[in-house]
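Raw contents of data18.cif, mmCIF, N, CA and C atoms and all ligand atoms:
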data_work
#
loop_
_atom_site.label_atom_id
_atom_site.label_comp_id
_atom_site.auth_asym_id
_atom_site.auth_seq_id
_atom_site.Cartn_x
_atom_site.Cartn_y
_atom_site.Cartn_z
N MET A 1 -1.07 1.89 11.57
CA MET A 1 -1.59 0.97 12.58
C MET A 1 -0.47 0.14 13.17
N SER A 2 0.65 0.08 12.48
CA SER A 2 1.68 -0.86 12.89
C SER A 2 2.92 -0.13 13.34
N ASP A 3 3.61 -0.75 14.27
CA ASP A 3 4.78 -0.05 14.80
C ASP A 3 6.01 -0.29 13.92
N ARG A 4 7.07 0.39 14.30
CA ARG A 4 8.29 0.39 13.51
C ARG A 4 8.88 -1.01 13.33
N ARG A 5 8.81 -1.80 14.39
CA ARG A 5 9.39 -3.14 14.32
C ARG A 5 8.67 -4.00 13.28
N GLU A 6 7.34 -3.89 13.26
CA GLU A 6 6.56 -4.63 12.26
C GLU A 6 6.91 -4.18 10.85
N ARG A 7 7.13 -2.87 10.71
CA ARG A 7 7.46 -2.34 9.39
C ARG A 7 8.85 -2.83 8.94
N LEU A 8 9.78 -2.91 9.90
CA LEU A 8 11.11 -3.41 9.55
C LEU A 8 11.06 -4.89 9.17
N ALA A 9 10.21 -5.65 9.87
CA ALA A 9 10.04 -7.06 9.54
C ALA A 9 9.45 -7.20 8.14
N ARG A 10 8.53 -6.31 7.84
CA ARG A 10 7.90 -6.30 6.51
C ARG A 10 8.95 -5.97 5.44
N LEU A 11 9.81 -5.02 5.76
CA LEU A 11 10.89 -4.64 4.85
C LEU A 11 11.79 -5.84 4.56
N ASP A 12 12.16 -6.57 5.61
CA ASP A 12 12.96 -7.79 5.46
C ASP A 12 12.30 -8.78 4.52
N ARG A 13 11.00 -8.95 4.70
CA ARG A 13 10.28 -9.92 3.88
C ARG A 13 10.30 -9.50 2.40
N LEU A 14 10.03 -8.21 2.15
CA LEU A 14 10.01 -7.75 0.76
C LEU A 14 11.39 -7.92 0.11
N MET A 15 12.43 -7.59 0.87
CA MET A 15 13.79 -7.76 0.35
C MET A 15 14.05 -9.22 0.03
N GLY A 16 13.64 -10.11 0.94
CA GLY A 16 13.83 -11.54 0.74
C GLY A 16 13.10 -12.03 -0.49
N ARG A 17 11.89 -11.55 -0.69
CA ARG A 17 11.09 -11.99 -1.85
C ARG A 17 11.74 -11.57 -3.16
N LEU A 18 12.27 -10.34 -3.20
CA LEU A 18 12.92 -9.88 -4.43
C LEU A 18 14.19 -10.68 -4.68
N LYS A 19 14.91 -10.96 -3.61
CA LYS A 19 16.16 -11.74 -3.77
C LYS A 19 15.85 -13.14 -4.28
N GLU A 20 14.79 -13.77 -3.73
CA GLU A 20 14.34 -15.09 -4.21
C GLU A 20 14.14 -15.08 -5.72
N HIS A 21 13.69 -13.93 -6.23
CA HIS A 21 13.41 -13.83 -7.66
C HIS A 21 14.61 -13.32 -8.43
N GLY A 22 15.76 -13.43 -7.80
CA GLY A 22 17.00 -13.16 -8.51
C GLY A 22 17.34 -11.69 -8.68
N LEU A 23 16.62 -10.84 -7.98
CA LEU A 23 16.93 -9.41 -8.10
C LEU A 23 18.04 -9.01 -7.14
N ARG A 24 19.00 -8.30 -7.66
CA ARG A 24 20.07 -7.82 -6.82
C ARG A 24 19.52 -6.69 -5.95
N MET A 25 19.87 -6.72 -4.65
CA MET A 25 19.36 -5.67 -3.76
C MET A 25 20.29 -4.46 -3.82
N THR A 26 20.08 -3.61 -4.81
CA THR A 26 20.87 -2.40 -4.96
C THR A 26 20.44 -1.40 -3.88
N PRO A 27 21.30 -0.44 -3.55
CA PRO A 27 20.91 0.57 -2.56
C PRO A 27 19.63 1.30 -2.97
N GLN A 28 19.49 1.55 -4.29
CA GLN A 28 18.28 2.22 -4.79
C GLN A 28 17.04 1.39 -4.51
N ARG A 29 17.12 0.10 -4.84
CA ARG A 29 15.96 -0.76 -4.66
C ARG A 29 15.62 -0.89 -3.17
N ALA A 30 16.64 -1.02 -2.34
CA ALA A 30 16.41 -1.10 -0.89
C ALA A 30 15.74 0.18 -0.40
N ALA A 31 16.15 1.32 -0.96
CA ALA A 31 15.56 2.59 -0.53
C ALA A 31 14.09 2.69 -0.94
N ILE A 32 13.76 2.15 -2.11
CA ILE A 32 12.35 2.16 -2.55
C ILE A 32 11.50 1.34 -1.60
N LEU A 33 11.99 0.14 -1.27
CA LEU A 33 11.23 -0.73 -0.37
C LEU A 33 11.04 -0.09 0.99
N ARG A 34 12.12 0.54 1.46
CA ARG A 34 12.07 1.17 2.77
C ARG A 34 11.06 2.33 2.77
N ALA A 35 11.12 3.15 1.73
CA ALA A 35 10.19 4.28 1.64
C ALA A 35 8.75 3.78 1.59
N LEU A 36 8.54 2.67 0.90
CA LEU A 36 7.19 2.11 0.78
C LEU A 36 6.66 1.62 2.12
N VAL A 37 7.44 0.80 2.81
CA VAL A 37 6.89 0.21 4.04
C VAL A 37 6.85 1.20 5.21
N MET A 38 7.67 2.25 5.15
CA MET A 38 7.66 3.21 6.25
C MET A 38 6.57 4.27 6.09
N ASP A 39 5.97 4.34 4.89
CA ASP A 39 4.94 5.35 4.65
C ASP A 39 3.58 4.81 5.06
N PRO A 40 2.94 5.39 6.07
CA PRO A 40 1.65 4.87 6.51
C PRO A 40 0.51 5.31 5.60
N ASN A 41 0.83 6.09 4.59
CA ASN A 41 -0.20 6.80 3.84
C ASN A 41 -0.45 6.26 2.43
N HIS A 42 -0.08 4.99 2.17
CA HIS A 42 -0.36 4.42 0.86
C HIS A 42 0.14 5.33 -0.26
N PRO A 43 1.44 5.43 -0.42
CA PRO A 43 1.98 6.41 -1.37
C PRO A 43 1.73 6.03 -2.83
N SER A 44 1.74 7.03 -3.68
CA SER A 44 1.75 6.79 -5.13
C SER A 44 3.20 6.61 -5.57
N VAL A 45 3.40 6.10 -6.77
CA VAL A 45 4.75 5.96 -7.30
C VAL A 45 5.42 7.33 -7.38
N GLU A 46 4.64 8.34 -7.79
CA GLU A 46 5.19 9.69 -7.93
C GLU A 46 5.64 10.23 -6.57
N THR A 47 4.85 10.00 -5.54
CA THR A 47 5.21 10.46 -4.19
C THR A 47 6.50 9.80 -3.72
N LEU A 48 6.59 8.49 -3.93
CA LEU A 48 7.82 7.78 -3.52
C LEU A 48 9.01 8.32 -4.29
N HIS A 49 8.83 8.50 -5.58
CA HIS A 49 9.93 8.96 -6.41
C HIS A 49 10.40 10.35 -5.99
N ARG A 50 9.44 11.25 -5.77
CA ARG A 50 9.77 12.62 -5.35
C ARG A 50 10.60 12.60 -4.06
N ARG A 51 10.22 11.72 -3.16
CA ARG A 51 10.92 11.64 -1.89
C ARG A 51 12.32 11.04 -2.06
N LEU A 52 12.44 10.07 -2.96
CA LEU A 52 13.70 9.34 -3.10
C LEU A 52 14.76 10.09 -3.89
N VAL A 53 14.34 10.92 -4.87
CA VAL A 53 15.36 11.60 -5.68
C VAL A 53 16.22 12.55 -4.86
N ALA A 54 15.72 12.97 -3.72
CA ALA A 54 16.54 13.83 -2.86
C ALA A 54 17.85 13.12 -2.49
N ASP A 55 17.75 11.84 -2.14
CA ASP A 55 18.94 11.08 -1.76
C ASP A 55 19.55 10.31 -2.92
N TYR A 56 18.73 9.99 -3.92
CA TYR A 56 19.21 9.21 -5.07
C TYR A 56 18.86 9.96 -6.36
N PRO A 57 19.69 10.95 -6.71
CA PRO A 57 19.36 11.82 -7.85
C PRO A 57 19.22 11.05 -9.17
N ASN A 58 19.83 9.85 -9.26
CA ASN A 58 19.73 9.08 -10.50
C ASN A 58 18.50 8.17 -10.55
N MET A 59 17.74 8.16 -9.48
CA MET A 59 16.57 7.28 -9.42
C MET A 59 15.55 7.70 -10.46
N SER A 60 15.15 6.77 -11.33
CA SER A 60 14.14 7.13 -12.33
C SER A 60 12.76 6.68 -11.86
N LEU A 61 11.76 7.37 -12.38
CA LEU A 61 10.37 7.01 -12.08
C LEU A 61 10.12 5.57 -12.52
N ALA A 62 10.73 5.19 -13.65
CA ALA A 62 10.54 3.83 -14.19
C ALA A 62 11.03 2.77 -13.21
N THR A 63 12.12 3.05 -12.52
CA THR A 63 12.65 2.09 -11.55
C THR A 63 11.64 1.87 -10.41
N VAL A 64 11.03 2.95 -9.96
CA VAL A 64 10.04 2.83 -8.89
C VAL A 64 8.82 2.05 -9.40
N TYR A 65 8.37 2.38 -10.61
CA TYR A 65 7.25 1.65 -11.21
C TYR A 65 7.54 0.17 -11.32
N LYS A 66 8.73 -0.15 -11.84
CA LYS A 66 9.08 -1.56 -12.05
C LYS A 66 9.10 -2.31 -10.73
N THR A 67 9.65 -1.68 -9.70
CA THR A 67 9.73 -2.34 -8.39
C THR A 67 8.32 -2.59 -7.84
N MET A 68 7.43 -1.58 -7.96
CA MET A 68 6.05 -1.76 -7.47
C MET A 68 5.34 -2.87 -8.24
N ASN A 69 5.52 -2.88 -9.56
CA ASN A 69 4.83 -3.89 -10.37
C ASN A 69 5.32 -5.29 -10.05
N LEU A 70 6.61 -5.41 -9.82
CA LEU A 70 7.15 -6.72 -9.47
C LEU A 70 6.60 -7.19 -8.11
N LEU A 71 6.59 -6.28 -7.14
CA LEU A 71 6.05 -6.63 -5.83
C LEU A 71 4.57 -7.00 -5.94
N LYS A 72 3.88 -6.33 -6.83
CA LYS A 72 2.46 -6.63 -7.05
C LYS A 72 2.31 -8.02 -7.64
N GLU A 73 3.14 -8.34 -8.64
CA GLU A 73 3.10 -9.68 -9.23
C GLU A 73 3.40 -10.76 -8.20
N LEU A 74 4.27 -10.44 -7.26
CA LEU A 74 4.61 -11.41 -6.21
C LEU A 74 3.54 -11.47 -5.12
N GLY A 75 2.52 -10.63 -5.24
CA GLY A 75 1.44 -10.62 -4.25
C GLY A 75 1.82 -9.96 -2.95
N GLU A 76 2.86 -9.12 -2.97
CA GLU A 76 3.34 -8.49 -1.74
C GLU A 76 2.88 -7.05 -1.59
N VAL A 77 2.30 -6.51 -2.65
CA VAL A 77 1.85 -5.13 -2.62
C VAL A 77 0.46 -5.07 -3.21
N ARG A 78 -0.38 -4.25 -2.63
CA ARG A 78 -1.73 -4.06 -3.16
C ARG A 78 -1.80 -2.70 -3.83
N GLU A 79 -2.26 -2.69 -5.07
CA GLU A 79 -2.41 -1.41 -5.77
C GLU A 79 -3.86 -0.98 -5.71
N LEU A 80 -4.07 0.26 -5.30
CA LEU A 80 -5.42 0.83 -5.28
C LEU A 80 -5.55 1.77 -6.47
N GLU A 81 -6.41 1.38 -7.40
CA GLU A 81 -6.57 2.20 -8.61
C GLU A 81 -7.72 3.18 -8.42
N PHE A 82 -7.53 4.39 -8.93
CA PHE A 82 -8.56 5.43 -8.86
C PHE A 82 -8.72 6.05 -10.23
N SER A 83 -9.93 6.51 -10.53
CA SER A 83 -10.12 7.14 -11.84
C SER A 83 -9.72 8.62 -11.79
N SER A 84 -9.80 9.22 -10.61
CA SER A 84 -9.59 10.67 -10.56
C SER A 84 -8.34 11.09 -9.77
N ARG A 85 -7.56 10.11 -9.37
CA ARG A 85 -6.30 10.44 -8.69
C ARG A 85 -5.28 9.34 -8.97
N ASP A 86 -4.02 9.61 -8.62
CA ASP A 86 -2.97 8.63 -8.87
C ASP A 86 -3.23 7.32 -8.13
N ASN A 87 -2.82 6.23 -8.73
CA ASN A 87 -2.90 4.95 -8.03
C ASN A 87 -2.00 4.97 -6.81
N ARG A 88 -2.43 4.25 -5.79
CA ARG A 88 -1.68 4.23 -4.53
C ARG A 88 -1.32 2.79 -4.19
N PHE A 89 -0.30 2.64 -3.35
CA PHE A 89 0.22 1.30 -3.07
C PHE A 89 0.26 1.02 -1.57
N ASP A 90 -0.17 -0.18 -1.22
CA ASP A 90 -0.07 -0.64 0.16
C ASP A 90 0.98 -1.75 0.20
N GLY A 91 2.12 -1.45 0.81
CA GLY A 91 3.19 -2.43 0.90
C GLY A 91 3.14 -3.18 2.21
N PHE A 92 2.14 -2.86 3.00
CA PHE A 92 2.11 -3.44 4.33
C PHE A 92 1.08 -4.55 4.47
N ILE A 93 -0.10 -4.34 3.87
CA ILE A 93 -1.16 -5.35 3.93
C ILE A 93 -1.53 -5.73 2.50
N PRO A 94 -1.00 -6.85 2.00
CA PRO A 94 -1.30 -7.19 0.60
C PRO A 94 -2.68 -7.81 0.39
N GLN A 95 -3.34 -8.25 1.47
CA GLN A 95 -4.66 -8.85 1.32
C GLN A 95 -5.71 -7.73 1.17
N PRO A 96 -6.88 -8.06 0.57
CA PRO A 96 -7.94 -7.05 0.47
C PRO A 96 -8.34 -6.56 1.85
N HIS A 97 -8.51 -5.25 2.01
CA HIS A 97 -8.95 -4.69 3.29
C HIS A 97 -9.55 -3.32 3.05
N PRO A 98 -10.39 -2.84 3.97
CA PRO A 98 -11.07 -1.56 3.76
C PRO A 98 -10.13 -0.37 3.90
N HIS A 99 -10.50 0.74 3.26
CA HIS A 99 -9.72 1.96 3.37
C HIS A 99 -10.61 3.16 3.65
N LEU A 100 -10.06 4.08 4.42
CA LEU A 100 -10.67 5.39 4.61
C LEU A 100 -9.87 6.37 3.76
N ILE A 101 -10.56 7.09 2.89
CA ILE A 101 -9.86 7.95 1.93
C ILE A 101 -10.32 9.39 2.11
N CYS A 102 -9.38 10.29 2.41
CA CYS A 102 -9.72 11.70 2.58
C CYS A 102 -9.79 12.37 1.20
N THR A 103 -10.95 12.93 0.89
CA THR A 103 -11.14 13.53 -0.44
C THR A 103 -10.45 14.88 -0.55
N ARG A 104 -10.01 15.43 0.59
CA ARG A 104 -9.32 16.72 0.51
C ARG A 104 -7.81 16.56 0.41
N CYS A 105 -7.18 15.84 1.36
CA CYS A 105 -5.71 15.77 1.35
C CYS A 105 -5.19 14.47 0.72
N GLY A 106 -6.09 13.53 0.45
CA GLY A 106 -5.66 12.30 -0.22
C GLY A 106 -5.12 11.25 0.71
N ARG A 107 -5.13 11.52 2.01
CA ARG A 107 -4.66 10.54 2.98
C ARG A 107 -5.49 9.26 2.86
N ILE A 108 -4.83 8.13 2.98
CA ILE A 108 -5.55 6.85 2.97
C ILE A 108 -5.10 6.04 4.17
N ILE A 109 -6.05 5.63 5.00
CA ILE A 109 -5.65 4.84 6.16
C ILE A 109 -6.40 3.50 6.21
N ASP A 110 -5.82 2.59 6.99
CA ASP A 110 -6.35 1.24 7.16
C ASP A 110 -7.13 1.17 8.46
N PRO A 111 -8.46 1.24 8.39
CA PRO A 111 -9.20 1.12 9.66
C PRO A 111 -9.35 -0.34 10.05
N ASP A 112 -9.49 -0.60 11.34
CA ASP A 112 -9.85 -1.94 11.79
C ASP A 112 -11.36 -2.09 11.62
N VAL A 113 -11.76 -3.09 10.87
CA VAL A 113 -13.20 -3.34 10.71
C VAL A 113 -13.46 -4.79 11.09
N PRO A 114 -13.60 -5.05 12.40
CA PRO A 114 -13.74 -6.44 12.86
C PRO A 114 -15.01 -7.11 12.33
N GLU A 115 -16.00 -6.31 11.94
CA GLU A 115 -17.27 -6.88 11.45
C GLU A 115 -17.16 -7.45 10.05
N LEU A 116 -16.07 -7.10 9.37
CA LEU A 116 -15.98 -7.44 7.95
C LEU A 116 -16.02 -8.94 7.68
N LYS A 117 -15.34 -9.70 8.54
CA LYS A 117 -15.29 -11.15 8.34
C LYS A 117 -16.72 -11.74 8.36
N ASP A 118 -17.51 -11.30 9.35
CA ASP A 118 -18.89 -11.76 9.45
C ASP A 118 -19.71 -11.32 8.24
N LEU A 119 -19.49 -10.07 7.83
CA LEU A 119 -20.21 -9.54 6.68
C LEU A 119 -19.98 -10.40 5.45
N ILE A 120 -18.72 -10.75 5.21
CA ILE A 120 -18.40 -11.57 4.04
C ILE A 120 -18.98 -12.97 4.17
N GLU A 121 -18.87 -13.54 5.38
CA GLU A 121 -19.44 -14.87 5.60
C GLU A 121 -20.94 -14.88 5.34
N ASN A 122 -21.62 -13.82 5.80
CA ASN A 122 -23.07 -13.72 5.59
C ASN A 122 -23.40 -13.61 4.10
N LEU A 123 -22.58 -12.82 3.40
CA LEU A 123 -22.77 -12.64 1.95
C LEU A 123 -22.63 -13.97 1.23
N VAL A 124 -21.58 -14.70 1.57
CA VAL A 124 -21.33 -16.00 0.95
C VAL A 124 -22.50 -16.93 1.22
N HIS A 125 -22.94 -16.92 2.46
CA HIS A 125 -24.04 -17.78 2.87
C HIS A 125 -25.32 -17.43 2.12
N ALA A 126 -25.59 -16.12 2.03
CA ALA A 126 -26.85 -15.68 1.43
C ALA A 126 -26.87 -15.83 -0.09
N THR A 127 -25.72 -15.75 -0.73
CA THR A 127 -25.72 -15.71 -2.20
C THR A 127 -25.11 -16.94 -2.84
N GLY A 128 -24.36 -17.73 -2.08
CA GLY A 128 -23.66 -18.87 -2.66
C GLY A 128 -22.47 -18.45 -3.50
N PHE A 129 -22.17 -17.18 -3.44
CA PHE A 129 -21.06 -16.63 -4.22
C PHE A 129 -19.75 -16.97 -3.54
N ASP A 130 -18.74 -17.36 -4.33
CA ASP A 130 -17.42 -17.60 -3.76
C ASP A 130 -16.64 -16.29 -3.79
N VAL A 131 -16.74 -15.53 -2.70
CA VAL A 131 -16.09 -14.22 -2.65
C VAL A 131 -14.58 -14.41 -2.47
N GLN A 132 -13.81 -13.92 -3.42
CA GLN A 132 -12.35 -14.10 -3.35
C GLN A 132 -11.61 -12.80 -3.07
N SER A 133 -12.28 -11.70 -3.33
CA SER A 133 -11.62 -10.42 -3.11
C SER A 133 -12.69 -9.35 -2.93
N HIS A 134 -12.30 -8.20 -2.49
CA HIS A 134 -13.25 -7.09 -2.41
C HIS A 134 -12.49 -5.78 -2.42
N ARG A 135 -13.24 -4.71 -2.65
CA ARG A 135 -12.67 -3.37 -2.58
C ARG A 135 -13.67 -2.53 -1.81
N LEU A 136 -13.27 -2.07 -0.64
CA LEU A 136 -14.20 -1.36 0.23
C LEU A 136 -13.57 -0.02 0.63
N ASP A 137 -14.04 1.06 0.00
CA ASP A 137 -13.48 2.39 0.23
C ASP A 137 -14.52 3.28 0.89
N PHE A 138 -14.12 3.97 1.93
CA PHE A 138 -14.98 4.96 2.58
C PHE A 138 -14.38 6.34 2.31
N TYR A 139 -15.17 7.23 1.72
CA TYR A 139 -14.67 8.56 1.37
C TYR A 139 -15.19 9.61 2.34
N GLY A 140 -14.34 10.58 2.63
CA GLY A 140 -14.78 11.66 3.51
C GLY A 140 -13.60 12.54 3.86
N LEU A 141 -13.73 13.24 5.01
CA LEU A 141 -12.65 14.12 5.44
C LEU A 141 -11.95 13.52 6.64
N CYS A 142 -10.62 13.57 6.63
CA CYS A 142 -9.85 13.02 7.75
C CYS A 142 -9.88 14.00 8.92
N PRO A 143 -9.54 13.53 10.13
CA PRO A 143 -9.59 14.43 11.30
C PRO A 143 -8.77 15.70 11.13
N SER A 144 -7.60 15.64 10.49
CA SER A 144 -6.80 16.87 10.42
C SER A 144 -7.38 17.85 9.40
N CYS A 145 -8.02 17.35 8.34
CA CYS A 145 -8.71 18.25 7.42
C CYS A 145 -9.95 18.85 8.06
N LEU A 146 -10.64 18.06 8.88
CA LEU A 146 -11.83 18.56 9.59
C LEU A 146 -11.46 19.71 10.52
N LYS A 147 -10.27 19.55 11.17
CA LYS A 147 -9.82 20.58 12.12
C LYS A 147 -9.57 21.91 11.41
N LYS A 148 -9.13 21.82 10.14
CA LYS A 148 -8.81 23.04 9.38
C LYS A 148 -10.07 23.76 8.90
N ASP A 149 -11.22 23.11 8.99
CA ASP A 149 -12.47 23.72 8.49
C ASP A 149 -12.86 24.96 9.28
ZN ZN A 201 -7.39 14.98 4.91
MN MN A 202 -4.17 -0.37 3.15
#
Can the structure from this file be put into structure tokens for me?
Ligand code: ZN
Ligand code: MN
Amino acid sequence: MSDRRERLARLDRLMGRLKEHGLRMTPQRAAILRALVMDPNHPSVETLHRRLVADYPNMSLATVYKTMNLLKELGEVRELEFSSRDNRFDGFIPQPHPHLICTRCGRIIDPDVPELKDLIENLVHATGFDVQSHRLDFYGLCPSCLKKD
């Protein structure tokens, strides 16, 4: 949903946050952050690692895990947990937001759902519940998988 400039700004922010926490910005770590924010598809740690070892043969899976977990602790990355597939990471939108998930190719995208704010407000109003977070997943087939049918 976002253009390259927004993604680069996001990359800057993530780098800044890690530096604030005393982490040295090694080329490996910078490459992990870059791979994360440039991927529109909510990558798994394994996907990021597979992509990164081509350029960084010494990159360990543990390094990618540690970086994701730290970003998650800092509230800069959202982890989507699944029971039947690898966990996926959103490095672009850390706040709760809906997802469209393709059950065939595993693609995950961020749809615009302008009605969501009203929906939550109505829920709060109707139930008195203090809604602080949500998980809203829509499962189905993405346009490119549909085309292959
Ligand atoms: Zn698909
Ligand atoms: Mn997302």
Closest pair table for chain A residues within 7 Å of ligand MN 202 (chain A), only N, CA and C atoms and all ligand atoms, as CSV:
residue,atom,partner,partner_atom,distance
A:His42,CA,A:MN202,MN,6.5
A:Phe89,C,A:MN202,MN,6.6
A:Asp90,CA,A:MN202,MN,5.1
A:Gly91,N,A:MN202,MN,6.8
A:Phe92,N,A:MN202,MN,6.8
A:Ile93,N,A:MN202,MN,5.7
A:His97,C,A:MN202,MN,6.1
A:Pro98,C,A:MN202,MN,6.0
A:His99,CA,A:MN202,MN,6.0
A:Ile108,C,A:MN202,MN,6.6
A:Ile109,C,A:MN202,MN,5.4
A:Asp110,CA,A:MN202,MN,4.8
A:Pro111,N,A:MN202,MN,7.0
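From atom N of Arg88 in chain A back to atom C of Arg24 in chain A, the distance works out to 24.5 Å.
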query: CA of Tyr139 in chain A to CA of Phe82 in chain A: how many Å, to one decimal?
result: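 Separation between CA of Tyr139 in chain A and CA of Phe82 in chain A: 12.3 Å.
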Residue with smallest distance to Ala31 in chain A - pool A:Arg17, A:Val64, A:Ser44, A:Arg4, counting only C-alpha atoms: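 Between A:Arg17, A:Val64, A:Ser44, A:Arg4, the residue approaching Ala31 in chain A most closely is A:Val64.
If you measure from each of A:Gly128, A:Gly106, A:Pro40, A:Pro114 to ligand ZN 201 (chain A) using all atoms listed in the file, the closest one turns out to be A:Gly106.
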Sorted per-residue table, chain A near ligand ZN 201 (chain A), closest atoms and distance, 6.5 Å, all atoms listed in the file, as JSON lines:
{"residue": "A:Cys102", "atom": "CA", "partner": "A:ZN201", "partner_atom": "ZN", "distance": 4.6}
{"residue": "A:Thr103", "atom": "N", "partner": "A:ZN201", "partner_atom": "ZN", "distance": 5.7}
{"residue": "A:Arg104", "atom": "C", "partner": "A:ZN201", "partner_atom": "ZN", "distance": 4.8}
{"residue": "A:Cys105", "atom": "N", "partner": "A:ZN201", "partner_atom": "ZN", "distance": 3.7}
{"residue": "A:Gly106", "atom": "N", "partner": "A:ZN201", "partner_atom": "ZN", "distance": 4.9}
{"residue": "A:Arg107", "atom": "N", "partner": "A:ZN201", "partner_atom": "ZN", "distance": 5.0}
{"residue": "A:Leu141", "atom": "C", "partner": "A:ZN201", "partner_atom": "ZN", "distance": 5.1}
{"residue": "A:Cys142", "atom": "N", "partner": "A:ZN201", "partner_atom": "ZN", "distance": 3.9}
{"residue": "A:Pro143", "atom": "N", "partner": "A:ZN201", "partner_atom": "ZN", "distance": 5.8}
{"residue": "A:Ser144", "atom": "C", "partner": "A:ZN201", "partner_atom": "ZN", "distance": 5.3}
{"residue": "A:Cys145", "atom": "N", "partner": "A:ZN201", "partner_atom": "ZN", "distance": 4.2}
{"residue": "A:Leu146", "atom": "N", "partner": "A:ZN201", "partner_atom": "ZN", "distance": 6.0}
- request: Among the residues of range 9-125 of chain A, find those DSSP assigns to helix (DSSP H, G or I) from the backbone and print them as a VMD selection string.
  value: chain A and resid 9 to 20 27 to 38 45 to 53 61 to 73 116 to 125
message: as a ChimeraX atom specification, please: every residue in range 21-109 of chain A that DSSP puts in strand (DSSP E).
response: /A:78-80,88-90,99-102,108-109
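The spacing separating atom N of Tyr65 in chain A from atom C of Phe138 in chain A amounts to 26.5 Å.
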task: Using all atoms listed in the file, find the one residue out of A:Met59, A:Lys72, A:Asn122, A:Ser84 that sits nearest to Gln28 in chain A.
output: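 Among the listed residues, the smallest separation from Gln28 in chain A belongs to A:Met59.
For the residues A:Arg135, A:Arg7, A:Arg78, A:Lys148, ranking by smallest atom-to-atom distance to Met38 in chain A using only C-alpha atoms places A:Arg7 first.
Nearest to Gln132 in chain A of all the residues A:Asp112, A:Thr67, A:Ile101, A:Ile120 is A:Ile120, counting only C-alpha atoms.
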- request: Find the residues with any atom within 5 Å of (3.2, -7.5, 0.3); use all atoms listed in the file and the coordinates as given in the file, and write the answer as a count of residues only.
  value: 5
field: Within 9 Å of Glu121 in chain A using only C-alpha atoms, minus same-chain residues under 5 positions, as a PyMOL selection string
entry: chain A and resi 116+126+131
Could you write range 27-31 of chain A as a CSV table (one decimal), in the frame of the given file, with all heavy atoms rebuilt where they are missing?
chain,number,residue,atom,x,y,z
A,27,PRO,N,21.3,-0.4,-3.6
A,27,PRO,CA,20.9,0.6,-2.6
A,27,PRO,C,19.6,1.3,-3.0
A,27,PRO,O,18.8,1.6,-2.1
A,27,PRO,CB,22.1,1.5,-2.5
A,27,PRO,CG,23.3,0.7,-3.0
A,27,PRO,CD,22.7,-0.3,-4.0
A,28,GLN,N,19.5,1.6,-4.3
A,28,GLN,CA,18.3,2.2,-4.8
A,28,GLN,C,17.0,1.4,-4.5
A,28,GLN,O,16.0,1.9,-4.0
A,28,GLN,CB,18.4,2.4,-6.3
A,28,GLN,CG,19.2,3.6,-6.7
A,28,GLN,CD,18.8,4.1,-8.1
A,28,GLN,OE1,17.9,3.6,-8.7
A,28,GLN,NE2,19.5,5.2,-8.5
A,29,ARG,N,17.1,0.1,-4.8
A,29,ARG,CA,16.0,-0.8,-4.7
A,29,ARG,C,15.6,-0.9,-3.2
A,29,ARG,O,14.4,-0.9,-2.8
A,29,ARG,CB,16.2,-2.1,-5.3
A,29,ARG,CG,15.0,-2.7,-5.9
A,29,ARG,CD,15.4,-3.9,-6.8
A,29,ARG,NE,15.3,-3.6,-8.2
A,29,ARG,CZ,16.2,-4.1,-9.0
A,29,ARG,NH1,17.1,-4.9,-8.7
A,29,ARG,NH2,16.0,-3.8,-10.3
A,30,ALA,N,16.6,-1.0,-2.3
A,30,ALA,CA,16.4,-1.1,-0.9
A,30,ALA,C,15.7,0.2,-0.4
A,30,ALA,O,14.8,0.1,0.4
A,30,ALA,CB,17.7,-1.3,-0.2
A,31,ALA,N,16.2,1.3,-1.0
A,31,ALA,CA,15.6,2.6,-0.5
A,31,ALA,C,14.1,2.7,-0.9
A,31,ALA,O,13.3,3.2,-0.2
A,31,ALA,CB,16.4,3.8,-1.1
